[in-house]
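**Q** Got a file for you: final22.tsv, TSV, C-alpha atoms.
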chain	number	residue	atom	x	y	z
A	12	MET	CA	173.21	-96.93	-53.33
A	13	LYS	CA	172.56	-99.65	-50.74
A	14	ILE	CA	169.89	-98.74	-48.20
A	15	PRO	CA	171.19	-99.18	-44.61
A	16	ASP	CA	169.71	-102.24	-42.90
A	17	HIS	CA	167.96	-100.17	-40.25
A	18	GLU	CA	166.17	-98.10	-42.94
A	19	GLN	CA	164.89	-100.99	-45.06
A	20	VAL	CA	161.13	-101.46	-45.12
A	21	TRP	CA	160.00	-105.00	-44.43
A	22	PRO	CA	156.65	-106.39	-45.63
A	23	THR	CA	153.88	-107.76	-43.45
A	24	PRO	CA	155.38	-110.63	-41.45
A	25	PRO	CA	154.13	-114.21	-41.72
A	26	THR	CA	151.39	-115.43	-39.41
A	27	ILE	CA	152.16	-118.12	-36.82
A	28	GLU	CA	149.05	-120.12	-35.93
A	29	LEU	CA	148.94	-122.58	-33.04
A	30	VAL	CA	147.03	-125.72	-34.01
A	31	ARG	CA	146.04	-127.95	-31.11
A	32	HIS	CA	145.99	-131.75	-31.30
A	33	PRO	CA	144.26	-134.28	-29.02
A	34	LEU	CA	146.74	-135.69	-26.53
A	35	GLN	CA	147.28	-139.42	-26.75
A	36	ARG	CA	149.87	-141.76	-25.34
A	37	ARG	CA	151.07	-144.41	-27.79
A	38	ARG	CA	153.13	-147.55	-27.27
A	39	LEU	CA	155.44	-148.20	-30.21
A	40	SER	CA	158.20	-150.67	-30.98
A	41	VAL	CA	161.67	-150.15	-32.42
A	42	ALA	CA	161.72	-151.16	-36.08
A	43	ALA	CA	165.27	-150.04	-36.98
A	44	VAL	CA	168.38	-148.48	-35.42
A	45	GLU	CA	170.91	-146.55	-37.52
A	46	HIS	CA	174.12	-144.69	-36.66
A	47	LEU	CA	173.37	-141.75	-38.92
A	48	THR	CA	176.59	-139.82	-38.12
A	49	PRO	CA	179.22	-140.19	-35.37
A	50	HIS	CA	177.05	-138.17	-32.96
A	51	MET	CA	173.53	-138.95	-34.20
A	52	LEU	CA	171.44	-142.09	-33.78
A	53	ARG	CA	168.29	-142.61	-35.84
A	54	ILE	CA	165.52	-144.75	-34.37
A	55	THR	CA	162.57	-145.85	-36.48
A	56	LEU	CA	159.45	-146.67	-34.46
A	57	SER	CA	156.39	-148.50	-35.69
A	58	GLY	CA	153.00	-149.59	-34.44
A	59	ALA	CA	149.29	-149.61	-35.19
A	60	GLU	CA	148.78	-146.75	-32.70
A	61	LEU	CA	150.45	-144.39	-35.19
A	62	ALA	CA	147.41	-144.61	-37.50
A	63	ASP	CA	145.97	-141.30	-36.22
A	64	PHE	CA	149.27	-139.62	-35.35
A	65	THR	CA	149.43	-135.97	-36.46
A	66	SER	CA	152.43	-133.67	-36.91
A	67	VAL	CA	151.88	-130.74	-39.26
A	68	SER	CA	154.86	-128.49	-38.48
A	69	PRO	CA	158.58	-129.30	-38.86
A	70	ASP	CA	159.39	-128.08	-35.34
A	71	ASP	CA	156.69	-130.09	-33.57
A	72	HIS	CA	157.78	-132.01	-30.52
A	73	ILE	CA	156.58	-135.12	-28.80
A	74	LYS	CA	157.28	-136.53	-25.36
A	75	ILE	CA	159.14	-139.81	-25.04
A	76	PHE	CA	158.76	-141.68	-21.74
A	77	LEU	CA	161.77	-143.42	-20.24
A	78	PRO	CA	162.46	-145.34	-17.02
A	79	GLY	CA	164.56	-143.37	-14.55
A	80	ALA	CA	167.30	-144.75	-12.34
A	81	ASP	CA	165.09	-144.37	-9.26
A	82	GLY	CA	162.12	-146.08	-10.88
A	83	GLN	CA	160.35	-142.83	-11.66
A	84	GLU	CA	159.25	-142.23	-15.23
A	85	LEU	CA	161.14	-139.54	-17.13
A	86	CYS	CA	160.01	-137.63	-20.21
A	87	ARG	CA	162.01	-135.76	-22.83
A	88	ASP	CA	161.06	-133.66	-25.86
A	89	TYR	CA	161.93	-134.84	-29.37
A	90	THR	CA	161.05	-133.64	-32.85
A	91	PRO	CA	159.40	-136.13	-35.22
A	92	ARG	CA	162.00	-136.30	-38.01
A	93	GLN	CA	159.82	-138.28	-40.43
A	94	TYR	CA	156.34	-139.76	-40.26
A	95	ASN	CA	154.98	-142.23	-42.79
A	96	ARG	CA	151.28	-142.85	-42.29
A	97	ALA	CA	151.08	-145.60	-44.91
A	98	ALA	CA	153.96	-147.54	-43.37
A	99	ALA	CA	152.96	-146.61	-39.78
A	100	THR	CA	156.51	-145.51	-38.94
A	101	LEU	CA	157.94	-142.58	-37.01
A	102	VAL	CA	161.61	-141.57	-37.14
A	103	LEU	CA	163.38	-139.88	-34.22
A	104	ASP	CA	167.00	-138.66	-34.22
A	105	PHE	CA	168.97	-138.71	-30.95
A	106	VAL	CA	172.17	-136.75	-30.32
A	107	ASP	CA	174.69	-139.19	-28.85
A	108	HIS	CA	176.25	-136.96	-26.21
A	109	HIS	CA	177.04	-139.76	-23.72
A	110	THR	CA	174.96	-138.17	-20.97
A	111	GLY	CA	171.27	-138.26	-20.18
A	112	PRO	CA	168.68	-141.03	-20.21
A	113	ALA	CA	167.42	-140.46	-23.76
A	114	ALA	CA	170.85	-140.86	-25.36
A	115	ALA	CA	171.51	-143.90	-23.17
A	116	TRP	CA	168.21	-145.46	-24.25
A	117	ALA	CA	168.95	-144.81	-27.93
A	118	ARG	CA	172.42	-146.39	-27.66
A	119	SER	CA	170.97	-149.54	-26.12
A	120	ALA	CA	167.82	-149.71	-28.29
A	121	ARG	CA	167.29	-152.92	-30.23
A	122	VAL	CA	164.66	-153.95	-32.76
A	123	GLY	CA	161.54	-155.04	-30.89
A	124	ASP	CA	162.09	-152.80	-27.85
A	125	SER	CA	159.13	-150.67	-26.73
A	126	LEU	CA	158.89	-146.90	-26.35
A	127	ASP	CA	155.91	-144.83	-25.22
A	128	ILE	CA	155.36	-141.41	-26.77
A	129	GLY	CA	152.83	-138.62	-26.25
A	130	GLY	CA	151.77	-135.74	-28.45
A	131	PRO	CA	152.38	-133.53	-30.29
A	132	LYS	CA	150.23	-131.27	-28.16
A	133	GLY	CA	150.19	-128.61	-30.85
A	134	SER	CA	151.85	-127.28	-33.99
A	135	ARG	CA	153.01	-123.78	-34.91
A	136	VAL	CA	152.05	-123.34	-38.54
A	137	ILE	CA	153.76	-120.48	-40.40
A	138	THR	CA	151.87	-118.92	-43.32
A	139	GLY	CA	152.59	-115.86	-45.41
A	140	ASP	CA	155.13	-114.56	-47.91
A	141	VAL	CA	158.67	-115.59	-47.01
A	142	ALA	CA	161.36	-114.55	-49.49
A	143	HIS	CA	164.10	-116.47	-47.71
A	144	TRP	CA	164.25	-118.91	-44.78
A	145	LEU	CA	167.18	-118.75	-42.34
A	146	LEU	CA	167.36	-121.76	-40.02
A	147	VAL	CA	169.95	-121.61	-37.24
A	148	GLY	CA	170.75	-124.26	-34.65
A	149	ASP	CA	172.92	-126.97	-33.19
A	150	GLU	CA	172.83	-130.75	-33.63
A	151	SER	CA	169.72	-131.05	-31.43
A	152	ALA	CA	167.86	-128.81	-33.92
A	153	LEU	CA	168.83	-130.86	-36.97
A	154	PRO	CA	165.60	-132.92	-37.00
A	155	ALA	CA	163.46	-129.77	-37.20
A	156	ILE	CA	165.83	-128.02	-39.62
A	157	GLY	CA	166.14	-131.03	-41.90
A	158	ARG	CA	162.41	-131.62	-41.93
A	159	ARG	CA	161.64	-128.02	-42.90
A	160	VAL	CA	164.32	-127.89	-45.60
A	161	GLU	CA	162.99	-131.10	-47.13
A	162	ALA	CA	159.40	-129.84	-47.05
A	163	LEU	CA	160.03	-126.53	-48.82
A	164	PRO	CA	158.82	-126.21	-52.43
A	165	ALA	CA	160.96	-125.62	-55.52
A	166	HIS	CA	160.49	-121.82	-55.52
A	167	ALA	CA	161.71	-121.45	-51.92
A	168	ARG	CA	165.18	-120.36	-50.83
A	169	VAL	CA	166.64	-121.50	-47.52
A	170	THR	CA	169.93	-121.02	-45.69
A	171	THR	CA	170.97	-123.22	-42.76
A	172	VAL	CA	173.65	-122.42	-40.18
A	173	VAL	CA	174.23	-125.43	-37.94
A	174	ALA	CA	176.87	-126.26	-35.33
A	175	VAL	CA	178.01	-129.90	-35.12
A	176	PRO	CA	181.07	-131.56	-33.55
A	177	GLU	CA	182.91	-132.51	-36.76
A	178	VAL	CA	182.70	-132.69	-40.55
A	179	ALA	CA	181.37	-136.25	-40.40
A	180	ASP	CA	178.32	-134.97	-38.49
A	181	GLU	CA	177.13	-132.82	-41.38
A	182	GLN	CA	173.91	-134.02	-43.03
A	183	VAL	CA	172.60	-133.74	-46.57
A	184	PHE	CA	168.91	-132.87	-47.04
A	185	ALA	CA	167.02	-133.83	-50.18
A	186	THR	CA	164.96	-130.79	-51.13
A	187	ALA	CA	163.38	-129.12	-54.14
A	188	ALA	CA	164.26	-125.70	-52.65
A	189	THR	CA	167.46	-123.74	-53.25
A	190	HIS	CA	169.52	-124.57	-50.16
A	191	ASP	CA	172.75	-122.98	-48.92
A	192	ALA	CA	174.35	-124.77	-45.97
A	193	TYR	CA	176.88	-123.29	-43.52
A	194	TRP	CA	178.40	-125.71	-41.00
A	195	VAL	CA	180.17	-124.75	-37.78
A	196	HIS	CA	182.43	-127.36	-36.16
A	197	ARG	CA	182.91	-127.34	-32.42
A	198	PRO	CA	182.99	-129.99	-29.63
A	199	LEU	CA	179.74	-131.01	-27.95
A	200	GLU	CA	181.02	-129.63	-24.66
A	201	LEU	CA	180.99	-126.15	-26.22
A	202	ALA	CA	177.34	-126.36	-27.28
A	203	ASP	CA	176.54	-123.48	-24.93
A	204	GLN	CA	179.00	-121.13	-26.67
A	205	ALA	CA	177.54	-118.81	-29.32
A	206	HIS	CA	180.54	-117.08	-30.90
A	207	ALA	CA	181.12	-119.61	-33.70
A	208	ILE	CA	177.51	-119.54	-34.86
A	209	VAL	CA	177.35	-115.74	-34.66
A	210	ALA	CA	180.58	-115.50	-36.67
A	211	ALA	CA	179.12	-117.79	-39.34
A	212	LEU	CA	175.98	-115.66	-39.50
A	213	GLY	CA	178.20	-112.72	-40.38
A	214	GLN	CA	178.84	-114.44	-43.73
A	215	VAL	CA	175.13	-114.93	-44.50
A	216	PRO	CA	173.22	-112.36	-46.57
A	217	ILE	CA	169.94	-111.47	-44.82
A	218	GLU	CA	167.57	-109.79	-47.23
A	219	VAL	CA	164.22	-108.16	-46.58
A	220	GLY	CA	161.61	-110.87	-46.15
A	221	THR	CA	163.93	-113.37	-44.42
A	222	PHE	CA	162.17	-115.44	-41.76
A	223	VAL	CA	164.50	-116.70	-39.04
A	224	TRP	CA	164.05	-119.85	-36.93
A	225	VAL	CA	166.54	-120.62	-34.15
A	226	GLY	CA	166.94	-123.83	-32.14
A	227	ALA	CA	169.87	-124.11	-29.72
A	228	GLU	CA	170.95	-123.90	-26.08
A	229	ALA	CA	169.17	-120.99	-24.38
A	230	HIS	CA	172.34	-118.89	-24.11
A	231	VAL	CA	173.16	-119.46	-27.78
A	232	ALA	CA	169.62	-118.71	-28.93
A	233	ARG	CA	169.63	-115.41	-27.00
A	234	ALA	CA	172.98	-114.40	-28.47
A	235	VAL	CA	171.81	-115.22	-32.00
A	236	ARG	CA	168.59	-113.29	-31.47
A	237	ASP	CA	170.44	-110.26	-30.09
A	238	TYR	CA	172.85	-110.30	-33.05
A	239	LEU	CA	170.05	-110.52	-35.60
A	240	LEU	CA	167.99	-107.77	-33.96
A	241	ASP	CA	170.76	-105.36	-32.98
A	242	VAL	CA	173.43	-105.86	-35.66
A	243	ARG	CA	171.53	-107.17	-38.70
A	244	CYS	CA	168.34	-105.14	-37.94
A	245	VAL	CA	165.96	-108.03	-38.59
A	246	PRO	CA	162.51	-106.96	-37.31
A	247	VAL	CA	161.47	-108.93	-34.25
A	248	GLN	CA	158.30	-110.15	-36.01
A	249	TRP	CA	160.51	-111.93	-38.56
When written as structure tokens, how does the structure in this file appear?

**A**
Amino acid sequence: MKIPDHEQVWPTPPTIELVRHPLQRRRLSVAAVEHLTPHMLRITLSGAELADFTSVSPDDHIKIFLPGADGQELCRDYTPRQYNRAAATLVLDFVDHHTGPAAAWARSARVGDSLDIGGPKGSRVITGDVAHWLLVGDESALPAIGRRVEALPAHARVTTVVAVPEVADEQVFATAATHDAYWVHRPLELADQAHAIVAALGQVPIEVGTFVWVGAEAHVARAVRDYLLDVRCVPVQW
């Protein structure tokens, strides 16, 4: 007989440790520009100032500094998608949503252009026994989701539920882990709507020992959290 979700006993949850890093502003140059998918641009940055760059968690974020229309400097948060210390390169993925200064900069970026970055200020390092990873998000979360999937070892199991505009925006992650991918297709202008992601989650088995990470618009993240807590009875610590 299957034990009801609300009666299942979950083990001790993983520990999340905040690791602080020294703050440093770095000036880098564009080494490559790639149209990864119809709605994603990949920018590879390089520079000697990356020699002591540190990013130890897949959902780290850095600040990028951009010129504003009024001359004031703007900053935006981005996840380091890949960092290669030996090659002194840093990869950032930009959602091409045709609004906002970061997307505009990425569309106009050319090899040799400069970009200042700062951080990461800190990393959230997850340790402990995780039977199954469940990573949920939209296209803006793909850098963090892809990085974690690729970093998981062969014995790990991970499920991803990601909303993107169209089939061509789906990405393939090279990983040693067992990976099940669920893709939700919806227009970028509906990125603040949660129903499609929640419906997809209804198809995902969530066993005891599943650790859930969510990255999406605030309204979507709240709806996903409420569904997982109230309907699927995932303990809040997980």

**Q** At a cut-off of 10 Å, using all atoms listed in the file, what residues contact Lys132 in chain A? Leave out same-chain residues fewer than 2 positions from it and give the result as a ChimeraX atom specification.

**A** /A:30-35,65-66,71-74,129-130,134

**Q** I'd like the interatomic distance between CA of Ala62 in chain A and CA of Tyr89 in chain A, to a tenth of an Å.

**A**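 Distance between the two atoms: 19.3 Å.
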
**Q** Find the residue from A:Thr55, A:Glu60, A:Cys244, A:Phe222 that sits nearest to Val141 in chain A; use only C-alpha atoms when measuring.

**A**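 When distances to Val141 in chain A are compared using only C-alpha atoms, the smallest one comes from A:Phe222.
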
**Q** Find the distance between CA of Gln19 in chain A and CA of Gly148 in chain A and write it in Å to one decimal.

**A**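 CA of Gly148 in chain A lies 26.2 Å from CA of Gln19 in chain A.
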
**Q** Grab all the atoms of range 46-61 of chain A that the file lists, wrap them in a box along x, y and z, add 8 Å per side, and give me centre plus edge lengths in Å (one decimal) as lines of an AutoDock Vina configuration file.

**A**
center_x = 164.0
center_y = -143.9
center_z = -35.8
size_x = 46.4
size_y = 27.4
size_z = 22.2

**Q** Which neighbours of range 196-198 of chain A fall inside 9 Å, counting only C-alpha atoms, when residues of the same chain fewer than 3 positions from it are skipped, and could you give them as a list in words?

**A**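 Once the nearby chain positions are removed, what remains is Val173, Ala174, Val175, Pro176, Glu177, Val178, Asp180, Leu201, Ala202 and Ala207 of chain A.
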
**Q** Could you tell me which of A:Glu28, A:Glu200, A:Glu84, A:Asp107 comes closest to Asp127 in chain A if we count all atoms listed in the file?

**A**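 Among A:Glu28, A:Glu200, A:Glu84, A:Asp107, it is A:Glu84 that comes nearest to Asp127 in chain A.
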
**Q** Mind checking which residues fall within 7 Å of range 153-166 of chain A, counting only C-alpha atoms, ignoring those fewer than 6 positions away in the same chain, and posting them as a PyMOL selection string?

**A** chain A and resi 69-70+90+92+104+146+184-188

**Q** Which is closest to Val106 in chain A among A:Gly82, A:Pro246, A:Pro25, A:Pro49, if we use only C-alpha atoms?

**A**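 Among A:Gly82, A:Pro246, A:Pro25, A:Pro49, it is A:Pro49 that comes nearest to Val106 in chain A.
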
**Q** CA of Pro131 in chain A to CA of Ile27 in chain A: how many Å, to one decimal?

**A**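 CA of Ile27 in chain A lies 16.7 Å from CA of Pro131 in chain A.
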
**Q** For range 108-119 of chain A, find every residue with an atom within 8 Å (counting all atoms listed in the file), except residues of its own chain fewer than 5 positions away, and show them as a PyMOL selection string.

**A** chain A and resi 50+52+54+77+79+87+199

**Q** Using only C-alpha atoms, can you list as a PyMOL selection string the residues within 12 Å of (172.8, -120.0, -25.2)?

**A** chain A and resi 148-149+201-209+225-237

**Q** Taking into account all atoms listed in the file, which residue in the set A:Ile128, A:Arg38, A:Val122, A:Trp194 is nearest to Ala210 in chain A?

**A**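 With all atoms listed in the file as the atom set, the closest residue is A:Trp194.
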
**Q** Restricting the calculation to only C-alpha atoms, which member of A:Asp124, A:Glu45, A:Asp81, A:Glu218 is positioned closest to Val169 in chain A?

**A** A:Glu218

**Q** Rank A:Val147, A:Gly58, A:Arg53, A:Ile75 by their smallest atom-to-atom distance to Leu103 in chain A, using all atoms listed in the file, and report the top residue only.

**A**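 Residue with the minimum atom-to-atom distance to Leu103 in chain A: A:Arg53.
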
**Q** Mind checking which residues fall within 10 Å of Asp140 in chain A, counting only C-alpha atoms, ignoring those fewer than 5 positions away in the same chain, and posting them as a list in words?

**A**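 That gives Pro22, Thr23, Pro24, Pro25, Thr26, Gly220, Thr221 and Phe222 of chain A.
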